[in-house]
$ cat work35.pdb   # PDB, C-alpha atoms and all ligand atoms
MODEL        1
ATOM      1  CA  VAL A   6     -70.123-112.612  46.664  1.00  0.00           C
ATOM      2  CA  ALA A   7     -67.714-114.446  44.363  1.00  0.00           C
ATOM      3  CA  LEU A   8     -65.948-111.534  42.689  1.00  0.00           C
ATOM      4  CA  LEU A   9     -64.211-113.195  39.768  1.00  0.00           C
ATOM      5  CA  SER A  10     -67.442-114.412  38.204  1.00  0.00           C
ATOM      6  CA  ASP A  11     -68.987-110.949  38.649  1.00  0.00           C
ATOM      7  CA  VAL A  12     -66.435-109.109  36.504  1.00  0.00           C
ATOM      8  CA  LEU A  13     -68.344-107.829  33.472  1.00  0.00           C
ATOM      9  CA  ALA A  14     -67.330-108.067  29.825  1.00  0.00           C
ATOM     10  CA  GLN A  15     -63.793-109.445  30.308  1.00  0.00           C
ATOM     11  CA  PRO A  16     -64.220-112.999  29.005  1.00  0.00           C
ATOM     12  CA  THR A  17     -60.604-113.432  27.859  1.00  0.00           C
ATOM     13  CA  ALA A  18     -58.969-112.218  31.050  1.00  0.00           C
ATOM     14  CA  ILE A  19     -61.355-114.066  33.350  1.00  0.00           C
ATOM     15  CA  SER A  20     -61.149-117.340  31.470  1.00  0.00           C
ATOM     16  CA  THR A  21     -57.339-117.149  31.597  1.00  0.00           C
ATOM     17  CA  LEU A  22     -57.545-116.828  35.381  1.00  0.00           C
ATOM     18  CA  GLU A  23     -60.223-119.483  35.770  1.00  0.00           C
ATOM     19  CA  ARG A  24     -58.232-121.968  33.716  1.00  0.00           C
ATOM     20  CA  ALA A  25     -55.175-121.280  35.880  1.00  0.00           C
ATOM     21  CA  LEU A  26     -57.214-121.808  39.063  1.00  0.00           C
ATOM     22  CA  ALA A  27     -58.863-124.999  37.833  1.00  0.00           C
ATOM     23  CA  SER A  28     -55.546-126.512  36.768  1.00  0.00           C
ATOM     24  CA  GLY A  29     -53.766-125.420  39.958  1.00  0.00           C
ATOM     25  CA  ARG A  30     -51.294-123.420  37.870  1.00  0.00           C
ATOM     26  CA  VAL A  31     -51.836-119.876  39.023  1.00  0.00           C
ATOM     27  CA  HIS A  32     -48.835-117.815  38.007  1.00  0.00           C
ATOM     28  CA  HIS A  33     -46.833-116.271  40.836  1.00  0.00           C
ATOM     29  CA  ALA A  34     -46.748-112.788  39.296  1.00  0.00           C
ATOM     30  CA  TYR A  35     -49.453-111.273  37.114  1.00  0.00           C
ATOM     31  CA  LEU A  36     -49.713-107.858  35.554  1.00  0.00           C
ATOM     32  CA  PHE A  37     -53.352-106.817  35.099  1.00  0.00           C
ATOM     33  CA  ASP A  38     -53.258-104.173  32.450  1.00  0.00           C
ATOM     34  CA  GLY A  39     -56.116-102.078  31.063  1.00  0.00           C
ATOM     35  CA  ALA A  40     -57.935 -98.744  31.272  1.00  0.00           C
ATOM     36  CA  PRO A  41     -59.167 -97.492  34.664  1.00  0.00           C
ATOM     37  CA  GLY A  42     -62.463 -98.918  35.880  1.00  0.00           C
ATOM     38  CA  VAL A  43     -62.654-101.949  33.576  1.00  0.00           C
ATOM     39  CA  GLY A  44     -62.520-104.588  36.322  1.00  0.00           C
ATOM     40  CA  LYS A  45     -58.794-105.202  36.920  1.00  0.00           C
ATOM     41  CA  GLU A  46     -58.928-104.612  40.623  1.00  0.00           C
ATOM     42  CA  MET A  47     -62.120-106.591  41.048  1.00  0.00           C
ATOM     43  CA  ALA A  48     -60.422-109.458  39.230  1.00  0.00           C
ATOM     44  CA  ALA A  49     -57.336-109.142  41.445  1.00  0.00           C
ATOM     45  CA  PHE A  50     -59.392-109.476  44.620  1.00  0.00           C
ATOM     46  CA  GLY A  51     -61.468-112.194  42.938  1.00  0.00           C
ATOM     47  CA  LEU A  52     -58.320-114.172  42.208  1.00  0.00           C
ATOM     48  CA  ALA A  53     -57.179-113.725  45.819  1.00  0.00           C
ATOM     49  CA  GLN A  54     -60.595-114.841  47.016  1.00  0.00           C
ATOM     50  CA  ALA A  55     -60.498-117.987  44.876  1.00  0.00           C
ATOM     51  CA  LEU A  56     -56.979-118.817  46.074  1.00  0.00           C
ATOM     52  CA  LEU A  57     -57.996-118.413  49.714  1.00  0.00           C
ATOM     53  CA  CYS A  58     -61.514-119.909  49.607  1.00  0.00           C
ATOM     54  CA  GLU A  59     -61.888-122.650  52.197  1.00  0.00           C
ATOM     55  CA  ARG A  60     -64.384-124.594  50.126  1.00  0.00           C
ATOM     56  CA  ARG A  61     -63.024-124.460  46.583  1.00  0.00           C
ATOM     57  CA  ALA A  62     -62.378-128.050  45.518  1.00  0.00           C
ATOM     58  CA  VAL A  63     -59.350-129.189  43.501  1.00  0.00           C
ATOM     59  CA  GLY A  64     -60.123-128.689  39.806  1.00  0.00           C
ATOM     60  CA  GLU A  65     -62.636-125.924  40.513  1.00  0.00           C
ATOM     61  CA  ALA A  66     -62.064-122.327  39.447  1.00  0.00           C
ATOM     62  CA  ARG A  67     -64.705-120.581  41.505  1.00  0.00           C
ATOM     63  CA  ALA A  68     -64.620-119.285  45.038  1.00  0.00           C
ATOM     64  CA  CYS A  69     -67.704-120.288  47.041  1.00  0.00           C
ATOM     65  CA  GLY A  70     -68.306-116.629  47.905  1.00  0.00           C
ATOM     66  CA  ALA A  71     -69.720-117.590  51.296  1.00  0.00           C
ATOM     67  CA  CYS A  72     -66.978-118.929  53.576  1.00  0.00           C
ATOM     68  CA  SER A  73     -65.101-116.823  56.085  1.00  0.00           C
ATOM     69  CA  ALA A  74     -62.011-116.537  53.863  1.00  0.00           C
ATOM     70  CA  CYS A  75     -64.141-115.425  50.893  1.00  0.00           C
ATOM     71  CA  ALA A  76     -65.747-112.697  52.997  1.00  0.00           C
ATOM     72  CA  ARG A  77     -62.468-111.506  54.476  1.00  0.00           C
ATOM     73  CA  ALA A  78     -60.633-111.420  51.130  1.00  0.00           C
ATOM     74  CA  LEU A  79     -62.787-108.525  49.897  1.00  0.00           C
ATOM     75  CA  PRO A  80     -61.581-104.966  50.472  1.00  0.00           C
ATOM     76  CA  ARG A  81     -63.507-102.972  53.066  1.00  0.00           C
ATOM     77  CA  GLU A  82     -65.131 -99.771  51.932  1.00  0.00           C
ATOM     78  CA  GLU A  83     -63.453 -97.598  54.617  1.00  0.00           C
ATOM     79  CA  THR A  84     -59.892 -98.907  54.535  1.00  0.00           C
ATOM     80  CA  ARG A  85     -59.812-100.145  50.907  1.00  0.00           C
ATOM     81  CA  ARG A  86     -58.064-103.264  52.173  1.00  0.00           C
ATOM     82  CA  PRO A  87     -59.324-106.676  53.198  1.00  0.00           C
ATOM     83  CA  VAL A  88     -59.063-107.917  56.790  1.00  0.00           C
ATOM     84  CA  HIS A  89     -57.718-111.283  55.634  1.00  0.00           C
ATOM     85  CA  PRO A  90     -54.060-111.403  56.739  1.00  0.00           C
ATOM     86  CA  ASP A  91     -53.032-113.170  53.521  1.00  0.00           C
ATOM     87  CA  VAL A  92     -54.232-110.440  51.163  1.00  0.00           C
ATOM     88  CA  ILE A  93     -51.825-107.536  51.319  1.00  0.00           C
ATOM     89  CA  VAL A  94     -52.510-104.350  49.389  1.00  0.00           C
ATOM     90  CA  VAL A  95     -49.659-102.095  48.324  1.00  0.00           C
ATOM     91  CA  GLU A  96     -50.615 -98.608  47.191  1.00  0.00           C
ATOM     92  CA  ARG A  97     -49.098 -95.159  47.366  1.00  0.00           C
ATOM     93  CA  GLY A  98     -50.405 -93.352  50.431  1.00  0.00           C
ATOM     94  CA  LEU A  99     -52.599 -96.220  51.679  1.00  0.00           C
ATOM     95  CA  TYR A 100     -50.782 -96.532  55.003  1.00  0.00           C
ATOM     96  CA  GLU A 101     -49.896 -94.065  57.713  1.00  0.00           C
ATOM     97  CA  PRO A 102     -46.183 -93.180  57.391  1.00  0.00           C
ATOM     98  CA  ALA A 103     -45.393 -94.773  60.784  1.00  0.00           C
ATOM     99  CA  GLN A 104     -46.905 -98.091  59.663  1.00  0.00           C
ATOM    100  CA  ILE A 105     -44.355 -98.371  56.895  1.00  0.00           C
ATOM    101  CA  GLY A 106     -41.364 -96.950  58.740  1.00  0.00           C
ATOM    102  CA  ARG A 107     -41.471 -93.432  57.316  1.00  0.00           C
ATOM    103  CA  ARG A 108     -41.753 -89.936  58.674  1.00  0.00           C
ATOM    104  CA  ALA A 109     -43.324 -88.319  55.632  1.00  0.00           C
ATOM    105  CA  PRO A 110     -46.368 -89.426  53.642  1.00  0.00           C
ATOM    106  CA  GLU A 111     -45.762 -91.035  50.271  1.00  0.00           C
ATOM    107  CA  SER A 112     -46.697 -88.159  48.028  1.00  0.00           C
ATOM    108  CA  GLN A 113     -44.733 -89.082  44.908  1.00  0.00           C
ATOM    109  CA  ASP A 114     -44.556 -92.820  44.612  1.00  0.00           C
ATOM    110  CA  ILE A 115     -44.765 -96.191  46.316  1.00  0.00           C
ATOM    111  CA  SER A 116     -41.679 -96.019  48.482  1.00  0.00           C
ATOM    112  CA  ILE A 117     -39.075 -98.637  49.101  1.00  0.00           C
ATOM    113  CA  ASP A 118     -40.148 -98.374  52.774  1.00  0.00           C
ATOM    114  CA  GLN A 119     -43.574 -99.719  51.904  1.00  0.00           C
ATOM    115  CA  VAL A 120     -42.115-102.516  49.805  1.00  0.00           C
ATOM    116  CA  ARG A 121     -39.690-103.478  52.574  1.00  0.00           C
ATOM    117  CA  THR A 122     -42.271-103.385  55.357  1.00  0.00           C
ATOM    118  CA  LEU A 123     -45.217-104.935  53.583  1.00  0.00           C
ATOM    119  CA  VAL A 124     -43.717-107.152  50.942  1.00  0.00           C
ATOM    120  CA  LEU A 125     -40.148-108.184  51.727  1.00  0.00           C
ATOM    121  CA  ALA A 126     -40.718-108.651  55.467  1.00  0.00           C
ATOM    122  CA  ARG A 127     -43.885-110.679  54.913  1.00  0.00           C
ATOM    123  CA  SER A 128     -43.131-112.655  51.796  1.00  0.00           C
ATOM    124  CA  ALA A 129     -40.365-114.449  53.707  1.00  0.00           C
ATOM    125  CA  PHE A 130     -43.086-116.292  55.633  1.00  0.00           C
ATOM    126  CA  GLY A 131     -45.714-118.633  54.277  1.00  0.00           C
ATOM    127  CA  PRO A 132     -49.421-117.847  54.340  1.00  0.00           C
ATOM    128  CA  HIS A 133     -50.951-117.183  57.783  1.00  0.00           C
ATOM    129  CA  GLU A 134     -53.894-119.433  57.192  1.00  0.00           C
ATOM    130  CA  GLY A 135     -52.211-121.970  55.000  1.00  0.00           C
ATOM    131  CA  ARG A 136     -53.739-121.606  51.539  1.00  0.00           C
ATOM    132  CA  ALA A 137     -52.021-118.776  49.728  1.00  0.00           C
ATOM    133  CA  LYS A 138     -50.656-115.302  50.210  1.00  0.00           C
ATOM    134  CA  VAL A 139     -51.544-112.619  47.679  1.00  0.00           C
ATOM    135  CA  PHE A 140     -49.954-109.207  47.251  1.00  0.00           C
ATOM    136  CA  ILE A 141     -52.018-106.752  45.199  1.00  0.00           C
ATOM    137  CA  ILE A 142     -50.169-103.643  44.002  1.00  0.00           C
ATOM    138  CA  ARG A 143     -52.510-100.839  42.965  1.00  0.00           C
ATOM    139  CA  ARG A 144     -51.214 -98.424  40.351  1.00  0.00           C
ATOM    140  CA  ALA A 145     -48.008-100.421  40.087  1.00  0.00           C
ATOM    141  CA  GLU A 146     -46.591 -97.783  37.713  1.00  0.00           C
ATOM    142  CA  GLU A 147     -46.143 -95.648  40.843  1.00  0.00           C
ATOM    143  CA  LEU A 148     -43.471 -97.942  42.273  1.00  0.00           C
ATOM    144  CA  SER A 149     -40.326 -95.889  42.741  1.00  0.00           C
ATOM    145  CA  VAL A 150     -37.269 -97.241  40.949  1.00  0.00           C
ATOM    146  CA  PRO A 151     -35.663 -98.410  44.236  1.00  0.00           C
ATOM    147  CA  ALA A 152     -38.982 -99.989  45.293  1.00  0.00           C
ATOM    148  CA  ALA A 153     -39.312-101.774  41.954  1.00  0.00           C
ATOM    149  CA  ASN A 154     -35.728-102.974  42.122  1.00  0.00           C
ATOM    150  CA  ALA A 155     -36.253-104.237  45.668  1.00  0.00           C
ATOM    151  CA  LEU A 156     -39.225-106.273  44.402  1.00  0.00           C
ATOM    152  CA  LEU A 157     -37.438-107.974  41.541  1.00  0.00           C
ATOM    153  CA  LYS A 158     -35.941-110.921  43.332  1.00  0.00           C
ATOM    154  CA  THR A 159     -39.187-111.667  45.188  1.00  0.00           C
ATOM    155  CA  LEU A 160     -41.184-111.413  41.954  1.00  0.00           C
ATOM    156  CA  GLU A 161     -38.850-113.891  40.357  1.00  0.00           C
ATOM    157  CA  GLU A 162     -38.711-116.366  43.211  1.00  0.00           C
ATOM    158  CA  PRO A 163     -41.560-115.752  45.623  1.00  0.00           C
ATOM    159  CA  GLY A 164     -42.142-118.085  48.551  1.00  0.00           C
ATOM    160  CA  ALA A 165     -44.365-121.121  48.167  1.00  0.00           C
ATOM    161  CA  ARG A 166     -48.032-120.305  47.529  1.00  0.00           C
ATOM    162  CA  THR A 167     -47.228-116.612  47.236  1.00  0.00           C
ATOM    163  CA  HIS A 168     -48.719-114.617  44.367  1.00  0.00           C
ATOM    164  CA  PHE A 169     -48.407-111.064  43.138  1.00  0.00           C
ATOM    165  CA  VAL A 170     -50.924-109.095  41.104  1.00  0.00           C
ATOM    166  CA  LEU A 171     -49.639-105.786  39.773  1.00  0.00           C
ATOM    167  CA  VAL A 172     -52.516-103.621  38.611  1.00  0.00           C
ATOM    168  CA  THR A 173     -51.906-100.790  36.165  1.00  0.00           C
ATOM    169  CA  ALA A 174     -53.488 -98.626  33.498  1.00  0.00           C
ATOM    170  CA  GLN A 175     -50.034 -97.525  32.355  1.00  0.00           C
ATOM    171  CA  ALA A 176     -47.946-100.624  31.816  1.00  0.00           C
ATOM    172  CA  ASP A 177     -45.566 -98.684  29.572  1.00  0.00           C
ATOM    173  CA  LEU A 178     -44.321 -96.836  32.671  1.00  0.00           C
ATOM    174  CA  LEU A 179     -43.173-100.017  34.404  1.00  0.00           C
ATOM    175  CA  LEU A 180     -39.532-101.027  34.322  1.00  0.00           C
ATOM    176  CA  PRO A 181     -38.751-103.650  31.671  1.00  0.00           C
ATOM    177  CA  THR A 182     -37.319-105.844  34.432  1.00  0.00           C
ATOM    178  CA  ILE A 183     -40.728-105.855  36.154  1.00  0.00           C
ATOM    179  CA  LEU A 184     -42.570-106.492  32.878  1.00  0.00           C
ATOM    180  CA  SER A 185     -40.356-109.442  32.044  1.00  0.00           C
ATOM    181  CA  ARG A 186     -41.036-111.095  35.393  1.00  0.00           C
ATOM    182  CA  THR A 187     -44.809-110.885  35.214  1.00  0.00           C
ATOM    183  CA  GLN A 188     -47.443-112.589  33.127  1.00  0.00           C
ATOM    184  CA  ARG A 189     -49.544-109.963  31.438  1.00  0.00           C
ATOM    185  CA  VAL A 190     -53.337-110.260  31.474  1.00  0.00           C
ATOM    186  CA  ARG A 191     -54.958-107.632  29.303  1.00  0.00           C
ATOM    187  CA  PHE A 192     -58.313-106.148  30.250  1.00  0.00           C
ATOM    188  CA  ALA A 193     -60.273-104.796  27.319  1.00  0.00           C
ATOM    189  CA  SER A 194     -62.025-101.452  27.241  1.00  0.00           C
ATOM    190  CA  LEU A 195     -65.696-101.876  28.043  1.00  0.00           C
ATOM    191  CA  PRO A 196     -68.549-101.540  25.560  1.00  0.00           C
ATOM    192  CA  ASP A 197     -70.570 -98.340  26.126  1.00  0.00           C
ATOM    193  CA  GLU A 198     -73.640-100.162  27.373  1.00  0.00           C
ATOM    194  CA  ILE A 199     -71.629-101.905  30.101  1.00  0.00           C
ATOM    195  CA  VAL A 200     -70.030 -98.612  31.183  1.00  0.00           C
ATOM    196  CA  ALA A 201     -73.495 -97.071  31.306  1.00  0.00           C
ATOM    197  CA  ARG A 202     -74.766 -99.945  33.421  1.00  0.00           C
ATOM    198  CA  LEU A 203     -71.827 -99.629  35.833  1.00  0.00           C
ATOM    199  CA  LEU A 204     -72.257 -95.883  36.147  1.00  0.00           C
ATOM    200  CA  THR A 205     -75.969 -96.200  36.798  1.00  0.00           C
ATOM    201  CA  ALA A 206     -75.369 -98.875  39.418  1.00  0.00           C
ATOM    202  CA  ARG A 207     -72.602 -96.859  41.053  1.00  0.00           C
ATOM    203  CA  ALA A 208     -74.686 -93.730  41.225  1.00  0.00           C
ATOM    204  CA  ALA A 209     -77.594 -95.831  42.584  1.00  0.00           C
ATOM    205  CA  GLY A 210     -80.242 -93.839  40.824  1.00  0.00           C
ATOM    206  CA  ALA A 211     -78.548 -90.446  41.048  1.00  0.00           C
ATOM    207  CA  VAL A 212     -77.675 -90.541  37.335  1.00  0.00           C
ATOM    208  CA  ASP A 213     -80.412 -91.248  34.828  1.00  0.00           C
ATOM    209  CA  ALA A 214     -79.920 -93.774  32.049  1.00  0.00           C
ATOM    210  CA  ALA A 215     -79.534 -91.228  29.223  1.00  0.00           C
ATOM    211  CA  ARG A 216     -76.923 -89.257  31.132  1.00  0.00           C
ATOM    212  CA  ALA A 217     -75.098 -92.502  32.000  1.00  0.00           C
ATOM    213  CA  ALA A 218     -75.047 -93.488  28.312  1.00  0.00           C
ATOM    214  CA  GLU A 219     -73.588 -90.101  27.409  1.00  0.00           C
ATOM    215  CA  ILE A 220     -70.859 -90.356  30.054  1.00  0.00           C
ATOM    216  CA  ALA A 221     -70.125 -93.890  28.854  1.00  0.00           C
ATOM    217  CA  ARG A 222     -69.671 -92.718  25.273  1.00  0.00           C
ATOM    218  CA  LEU A 223     -67.283 -89.979  26.366  1.00  0.00           C
ATOM    219  CA  SER A 224     -65.261 -92.225  28.641  1.00  0.00           C
ATOM    220  CA  ALA A 225     -64.247 -94.521  25.760  1.00  0.00           C
ATOM    221  CA  GLY A 226     -64.428 -97.811  27.564  1.00  0.00           C
ATOM    222  CA  ALA A 227     -63.167 -96.764  30.953  1.00  0.00           C
ATOM    223  CA  SER A 228     -65.713 -96.329  33.685  1.00  0.00           C
ATOM    224  CA  ARG A 229     -63.507 -94.189  35.905  1.00  0.00           C
ATOM    225  CA  PRO A 230     -61.630 -90.989  35.204  1.00  0.00           C
ATOM    226  CA  ARG A 231     -57.875 -91.370  34.879  1.00  0.00           C
TER     227      ARG A 231
HETATM  228 ZN    ZN B   1     -65.143-119.543  50.001  1.00  0.00          ZN
ENDMDL
END
$ encode --input "work35.pdb" --output "structure tokens" --more "lines below"
Ligand SMILES: [Zn+2]
Amino acid sequence: VALLSDVLAQPTAISTLERALASGRVHHAYLFDGAPGVGKEMAAFGLAQALLCERRAVGEARACGACSACARALPREETRRPVHPDVIVVERGLYEPAQIGRRAPESQDISIDQVRTLVLARSAFGPHEGRAKVFIIRRAEELSVPAANALLKTLEEPGARTHFVLVTAQADLLLPTILSRTQRVRFASLPDEIVARLLTARAAGAVDAARAAEIARLSAGASRPR
């Protein structure tokens, strides 16, 4: 599976990323912004996959989708993270407190503990396997103010071959200092027929086409509830 080319109905966002990949000028900090369920996260992992692919030639935008790095860059169903050591997911509550040096779970926000343990400690080193290192921050609007402030310097001057993708449906909640350090890629709301197709596929037959179309109309271009 090559994820980036499978993102539906986001021609502007995907072509921006593919041009960056083909020219070797992938920005070091992106903000993927758009309604929930429109393909931002799929694109984030797709970008990571393309950066890490062992067979992507210079000048090419597309991951092969078949090599070991391509397979390992995709998030696992159970853990919601990839096993590739160079794709690091940051998300509120994704890790056990002890893994990120805390006693209590992160109930409110992405803590500075998580940013220190997962981002600052690891971004000091180059990629494990040599190609790139990609940090994907889910619901980046949930970064606490101290966590966001701790990220600023790294966002501005990350290590070589290190990239950040901040994913959010609520960019207006991010600190201006974060916004100004990231390149914004806007993901459009999806046409109803695409939402219906996604819902039908996701429900794998449990939702009939008419019901899926109705849900799509009500969801106004977002295929997941907020
Ligand atoms: Zn590959």
$ residues_around --input "work35.pdb" --residues "Ala153 (chain A)" --least-positions-apart "4" --cutoff "8 Å" --atoms "only C-alpha atoms" --output "PyMOL selection string"
chain A and resi 117+148-149+157+180+183
$ residues_near_ligand --input "work35.pdb" --ligand "ligand ZN 1 (chain B)" --cutoff "6 Å" --atoms "only C-alpha atoms and all ligand atoms" --output "list in words"
Cys58, Glu59, Arg60, Ala68, Cys69, Gly70, Ala71, Cys72, Ala74 and Cys75 of chain A
$ resolve_selection --input "work35.pdb" --expression "the PyMOL selection byres (((chain A and resi 44-52) around 8) and not hetatm)" --output "ChimeraX atom specification"
/A:7-10,12-13,15,19,22,37-39,42-43,53-56,78-80,141,143,170,172,192
$ residues_near_point --input "work35.pdb" --point "(-49.3, -104.5, 48.3)" --cutoff "10 Å" --atoms "only C-alpha atoms" --output "ChimeraX atom specification"
/A:86,92-97,99,115,119-120,123-124,139-143,145,169-171
$ axis_aligned_box --input "work35.pdb" --around "region 128-141 of chain A" --padding-each-side "5 Å" --output "AutoDock Vina command-line options"
--center_x -47.1 --center_y -114.4 --center_z 51.5 --size_x 23.5 --size_y 25.2 --size_z 22.6
$ closest_residue --input "work35.pdb" --among "A:Pro102, A:Pro110, A:Gly64, A:Pro90" --to "Leu26 (chain A)" --atoms "all atoms listed in the file"
A:Gly64
$ atom_distance --input "work35.pdb" --atom1 "CA of Glu146 (chain A)" --atom2 "CA of Thr17 (chain A)"
23.2 Å
$ closest_residue --input "work35.pdb" --among "A:Arg136, A:Phe130, A:Glu111, A:His33" --to "His89 (chain A)" --atoms "only C-alpha atoms"
A:Arg136
$ atom_distance --input "work35.pdb" --atom1 "CA of Gln104 (chain A)" --atom2 "CA of Pro181 (chain A)"
29.7 Å
$ atom_distance --input "work35.pdb" --atom1 "CA of Gly164 (chain A)" --atom2 "CA of Ala152 (chain A)"
18.7 Å
$ resolve_selection --input "work35.pdb" --expression "the PyMOL selection byres (((chain A and resi 133) around 7) and not hetatm)" --output "number ranges by chain"
A: 90-91, 131-132, 134-135
$ write_last_selection --input "work35.pdb" --atoms "C-alpha atoms" --output "PDB file, in the frame of the given file"
ATOM      1  CA  PRO A  90     -54.060-111.403  56.739  1.00  0.00           C
ATOM      2  CA  ASP A  91     -53.032-113.170  53.521  1.00  0.00           C
ATOM      3  CA  GLY A 131     -45.714-118.633  54.277  1.00  0.00           C
ATOM      4  CA  PRO A 132     -49.421-117.847  54.340  1.00  0.00           C
ATOM      5  CA  GLU A 134     -53.894-119.433  57.192  1.00  0.00           C
ATOM      6  CA  GLY A 135     -52.211-121.970  55.000  1.00  0.00           C
TER       7      GLY A 135
END
$ closest_residue --input "work35.pdb" --among "A:Thr84, A:Gln113, A:Asn154, A:Ser185" --to "Glu101 (chain A)" --atoms "only C-alpha atoms"
A:Thr84
$ resolve_selection --input "work35.pdb" --expression "the PyMOL selection byres (((chain A and resi 161) around 9) and not hetatm)" --output "PyMOL selection string"
chain A and resi 33-34+156-160+162-163+186-187
